>>> print(open('start33.txt').read())   # compact mmCIF, C-alpha atoms
# COMPACT_ATOMS: atom_id res chain seq x y z
CA MET Y 10 88.42 101.68 48.65
CA ASN Y 11 87.51 100.55 45.15
CA GLU Y 12 87.47 102.54 41.90
CA LYS Y 13 83.68 102.96 41.77
CA HIS Y 14 83.52 104.30 45.35
CA PHE Y 15 86.47 106.64 44.77
CA LEU Y 16 85.12 108.03 41.48
CA SER Y 17 81.61 108.54 42.88
CA LYS Y 18 83.09 111.18 45.20
CA PHE Y 19 86.16 112.37 43.28
CA HIS Y 20 84.11 113.74 40.37
CA LEU Y 21 81.79 115.80 42.58
CA PRO Y 22 82.42 119.58 42.87
CA TRP Y 23 85.67 120.38 44.68
CA SER Y 24 85.01 120.82 48.40
CA ALA Y 25 88.42 120.97 50.09
CA GLY Y 26 89.18 124.66 49.69
CA PRO Y 27 92.43 126.19 48.43
CA SER Y 28 95.28 123.89 47.59
CA HIS Y 29 98.63 125.43 48.36
CA ASP Y 30 101.39 125.84 50.87
CA PHE Y 31 101.29 129.29 52.40
CA PRO Y 32 102.79 131.80 51.84
CA PHE Y 33 103.77 131.10 48.25
CA PRO Y 34 105.47 133.23 45.62
CA VAL Y 35 103.38 135.16 43.13
CA LYS Y 36 105.47 133.84 40.24
CA THR Y 37 105.37 130.07 39.97
CA ARG Y 38 106.91 127.45 37.72
CA PRO Y 39 104.53 124.83 36.25
CA ALA Y 40 104.99 121.19 37.24
CA ALA Y 41 102.93 118.02 37.53
CA VAL Y 42 102.87 114.80 39.54
CA LEU Y 43 101.15 111.48 38.92
CA ILE Y 44 99.00 110.12 41.73
CA CYS Y 45 98.84 106.60 40.34
CA LEU Y 46 96.27 104.11 41.63
CA GLN Y 47 96.68 100.41 41.01
CA PRO Y 48 94.76 97.17 41.63
CA PRO Y 49 93.57 95.14 43.44
CA PHE Y 50 90.42 96.98 42.43
CA GLU Y 51 88.54 96.30 45.68
CA ASP Y 52 91.41 97.91 47.64
CA LEU Y 53 93.25 100.35 45.40
CA HIS Y 54 96.81 101.35 46.28
CA VAL Y 55 98.77 104.53 45.48
CA LEU Y 56 102.34 104.48 44.15
CA PHE Y 57 104.99 106.62 45.86
CA THR Y 58 108.68 107.13 45.25
CA GLN Y 59 111.48 107.86 47.65
CA ARG Y 60 113.88 110.38 46.21
CA ALA Y 61 117.53 109.41 45.90
CA ILE Y 62 119.62 110.36 48.92
CA HIS Y 63 122.33 112.15 46.90
CA LEU Y 64 119.97 114.76 45.37
CA ASN Y 65 120.50 118.41 46.24
CA HIS Y 66 116.81 119.10 46.85
CA HIS Y 67 114.40 117.00 48.96
CA ALA Y 68 116.88 114.11 49.20
CA GLY Y 69 115.35 110.95 50.66
CA GLN Y 70 111.85 112.42 50.83
CA ILE Y 71 108.68 110.63 49.77
CA SER Y 72 107.02 112.01 46.66
CA PHE Y 73 104.86 111.19 43.68
CA PRO Y 74 106.53 110.64 40.32
CA GLY Y 75 106.65 114.01 38.62
CA GLY Y 76 108.57 117.14 37.85
CA LYS Y 77 108.67 120.44 36.07
CA TYR Y 78 106.94 121.22 32.79
CA GLU Y 79 109.16 121.21 29.72
CA THR Y 80 108.36 123.16 26.55
CA PHE Y 81 108.02 119.94 24.53
CA ASP Y 82 105.22 118.69 26.84
CA GLU Y 83 101.87 119.36 25.17
CA THR Y 84 100.06 119.52 28.53
CA LEU Y 85 100.81 119.15 32.22
CA VAL Y 86 99.21 115.70 32.07
CA ASP Y 87 101.93 114.84 29.56
CA THR Y 88 104.50 116.21 32.02
CA ALA Y 89 103.27 113.88 34.77
CA LEU Y 90 103.27 110.85 32.45
CA ARG Y 91 106.69 111.66 30.98
CA GLU Y 92 108.25 112.11 34.42
CA ALA Y 93 106.71 108.85 35.67
CA GLU Y 94 108.22 107.01 32.72
CA GLU Y 95 111.62 108.66 33.22
CA GLU Y 96 111.72 108.08 36.98
CA ILE Y 97 110.19 104.62 37.38
CA GLY Y 98 109.68 103.23 33.86
CA LEU Y 99 105.88 103.43 33.97
CA LYS Y 100 104.64 103.45 30.36
CA PRO Y 101 102.12 106.25 29.64
CA ASP Y 102 99.85 103.91 27.67
CA LYS Y 103 99.37 101.80 30.83
CA VAL Y 104 97.86 104.74 32.74
CA ARG Y 105 94.18 105.65 32.40
CA ILE Y 106 93.70 109.29 33.40
CA LEU Y 107 90.78 109.86 35.80
CA GLY Y 108 91.18 113.61 36.30
CA THR Y 109 93.18 116.21 38.18
CA LEU Y 110 93.16 118.01 41.50
CA PRO Y 111 93.34 121.81 41.64
CA GLU Y 112 96.79 123.27 41.08
CA TYR Y 113 98.88 123.02 44.26
CA LYS Y 114 101.28 125.94 44.77
CA THR Y 115 104.35 125.07 46.79
CA ILE Y 116 106.48 127.26 48.98
CA SER Y 117 109.43 126.47 46.70
CA GLY Y 118 107.72 128.30 43.83
CA PHE Y 119 106.09 125.50 41.82
CA ALA Y 120 102.48 125.35 40.67
CA VAL Y 121 101.93 121.59 40.65
CA LEU Y 122 99.07 119.87 38.84
CA PRO Y 123 98.29 116.58 40.62
CA VAL Y 124 97.12 114.14 37.93
CA ILE Y 125 95.06 111.13 39.06
CA GLY Y 126 95.57 108.00 36.98
CA ILE Y 127 94.85 104.31 37.37
CA LEU Y 128 96.51 101.16 36.06
CA ASP Y 129 94.10 98.60 34.65
CA GLU Y 130 96.68 95.90 35.38
CA SER Y 131 98.75 95.95 38.53
CA VAL Y 132 102.52 96.28 38.29
CA ASP Y 133 105.00 94.26 40.29
CA LEU Y 134 107.05 96.97 41.98
CA ASP Y 135 110.18 94.81 42.01
CA ASN Y 136 110.05 93.39 38.48
CA ASP Y 137 107.87 95.55 36.20
CA LEU Y 138 109.37 98.98 36.84
CA ILE Y 139 112.73 100.39 35.74
CA ILE Y 140 113.86 102.83 38.41
CA ASP Y 141 116.20 105.68 37.51
CA ARG Y 142 118.59 105.43 40.47
CA ASN Y 143 119.83 108.97 39.77
CA GLU Y 144 116.43 110.26 40.90
CA VAL Y 145 114.65 107.52 42.83
CA SER Y 146 115.87 105.09 45.48
CA ARG Y 147 112.70 102.96 45.63
CA VAL Y 148 109.00 102.68 44.80
CA PHE Y 149 106.37 101.55 47.30
CA GLN Y 150 102.61 101.65 47.65
CA VAL Y 151 100.09 102.72 50.28
CA PRO Y 152 96.44 101.62 50.43
CA LEU Y 153 94.16 104.40 49.16
CA SER Y 154 91.86 103.73 52.13
CA HIS Y 155 94.71 104.67 54.50
CA LEU Y 156 95.28 107.97 52.67
CA MET Y 157 91.55 108.77 52.59
CA ASN Y 158 91.16 108.55 56.38
CA GLN Y 159 91.63 111.95 58.06
CA ARG Y 160 92.44 110.27 61.38
CA ASN Y 161 95.74 109.09 59.86
CA TYR Y 162 97.00 112.65 59.31
CA PHE Y 163 98.62 115.01 61.73
CA VAL Y 164 99.34 118.68 61.14
CA HIS Y 165 102.18 120.85 62.39
CA HIS Y 166 101.68 124.59 62.07
CA VAL Y 167 104.68 126.66 61.03
CA GLU Y 168 105.06 130.41 61.19
CA ARG Y 169 106.71 132.16 58.30
CA ARG Y 170 106.63 135.89 57.52
CA LYS Y 171 104.26 136.36 60.47
CA GLN Y 172 101.75 133.97 58.88
CA THR Y 173 100.85 130.48 60.07
CA PHE Y 174 100.45 127.62 57.64
CA PRO Y 175 99.94 123.86 58.01
CA VAL Y 176 102.42 121.14 57.16
CA TYR Y 177 100.74 117.74 56.75
CA PHE Y 178 102.19 114.38 57.76
CA ILE Y 179 100.93 110.84 57.31
CA GLN Y 180 102.72 107.72 58.53
CA TYR Y 181 102.44 104.36 56.78
CA GLN Y 182 104.48 101.52 58.23
CA ASN Y 183 108.07 102.85 58.33
CA ASP Y 184 107.50 105.70 55.88
CA LEU Y 185 106.63 109.27 56.77
CA ILE Y 186 104.97 111.21 53.95
CA TRP Y 187 104.94 114.96 54.51
CA GLY Y 188 105.11 118.40 52.91
CA ALA Y 189 103.48 119.06 49.55
CA THR Y 190 102.98 115.33 48.85
CA ALA Y 191 101.00 114.83 52.06
CA GLY Y 192 99.31 118.20 51.49
CA MET Y 193 97.93 116.95 48.18
CA THR Y 194 96.66 113.67 49.62
CA ALA Y 195 95.20 115.48 52.66
CA LEU Y 196 93.21 117.81 50.40
CA LEU Y 197 91.98 114.86 48.34
CA CYS Y 198 91.03 113.13 51.61
CA LYS Y 199 89.05 116.17 52.78
CA HIS Y 200 87.22 116.26 49.47
CA ILE Y 201 86.37 112.52 49.55
CA GLU Y 202 85.29 112.62 53.22
CA PHE Y 203 83.13 115.72 52.62
CA TYR Y 204 80.85 113.59 50.43
CA SER Y 205 80.89 110.50 52.66
>>> encode(input="start33.txt", output="structure tokens")
Amino acid sequence: MNEKHFLSKFHLPWSAGPSHDFPFPVKTRPAAVLICLQPPFEDLHVLFTQRAIHLNHHAGQISFPGGKYETFDETLVDTALREAEEEIGLKPDKVRILGTLPEYKTISGFAVLPVIGILDESVDLDNDLIIDRNEVSRVFQVPLSHLMNQRNYFVHHVERRKQTFPVYFIQYQNDLIWGATAGMTALLCKHIEFYS
């Protein structure tokens, strides 16, 4: 999927419905993640991180670069860019912001703004990034076309507080992306496919 094809659908009115885990707390803490696209432009890829195994929360899980809003961040877009630089050494001036998805409320109490950005020049994952090993064990990429195909997702329904909610999963090679990260890409996929 190339940039022109993606943008022709991404910028249309949101069609994928509410974007949250369910049930979620009324009070939420603001956070942001960077869904970063990179060349080759005829087949864009999305950057993912695997969280360090020694972390207390979500150890070893696949995620987007990102984290909680800090008071010195001017906007949540700045939060996403700052966290991406801290976690994987991605310079904010290398990222062209395309837009955002609706806020995604997580069951852990965060209201996450998914920020969509694109690199005009591809990065070599092994040589161009500086990974903070305290937070991230590795960076890898998945073709956008794989993430934008609903047939690649599976959903497990979980009951909590007598309510049922979906947990999304998507496999790519040896990596299983799930939870809020897969929930965000699944909603983006539904939106893109709605207009296809």
>>> residues_around(input="start33.txt", residues="Ile71 of chain Y", least_positions_apart="6", cutoff="9 Å", atoms="all atoms listed in the file", output="MDAnalysis selection string")
chainID Y and resid 57:60 184:187 190
>>> atom_distance(input="start33.txt", atom1="atom CA of Phe50 of chain Y", atom2="atom CA of Gly69 of chain Y")
29.7 Å
>>> closest_residue(input="start33.txt", among="Y:Leu134, Y:Phe119, Y:Glu51, Y:Val42", to="Ala89 of chain Y", atoms="all atoms listed in the file")
Y:Val42
>>> closest_residue(input="start33.txt", among="Y:Thr37, Y:Thr109, Y:Ser154, Y:Gln180", to="Ile201 of chain Y", atoms="all atoms listed in the file")
Y:Ser154
>>> atom_distance(input="start33.txt", atom1="atom CA of Thr173 of chain Y", atom2="atom CA of Asn158 of chain Y")
24.3 Å
>>> closest_residue(input="start33.txt", among="Y:Gln182, Y:Ser72, Y:Ala191, Y:Phe174", to="Ser146 of chain Y", atoms="all atoms listed in the file")
Y:Ser72
>>> closest_residue(input="start33.txt", among="Y:Pro48, Y:Gly75, Y:Pro111, Y:Gly126", to="Leu16 of chain Y", atoms="all atoms listed in the file")
Y:Gly126
>>> closest_residue(input="start33.txt", among="Y:Leu110, Y:Gly76, Y:Arg170, Y:Glu202", to="Trp23 of chain Y", atoms="only C-alpha atoms")
Y:Leu110
>>> closest_residue(input="start33.txt", among="Y:Lys103, Y:His14, Y:His20, Y:Arg147", to="Glu130 of chain Y", atoms="all atoms listed in the file")
Y:Lys103
>>> residues_near_point(input="start33.txt", point="(89.1, 120.5, 47.4)", cutoff="12 Å", atoms="only C-alpha atoms", output="ChimeraX atom specification")
/Y:18-29,109-113,192-204
>>> atom_distance(input="start33.txt", atom1="atom CA of Cys45 of chain Y", atom2="atom CA of Phe73 of chain Y")
8.3 Å
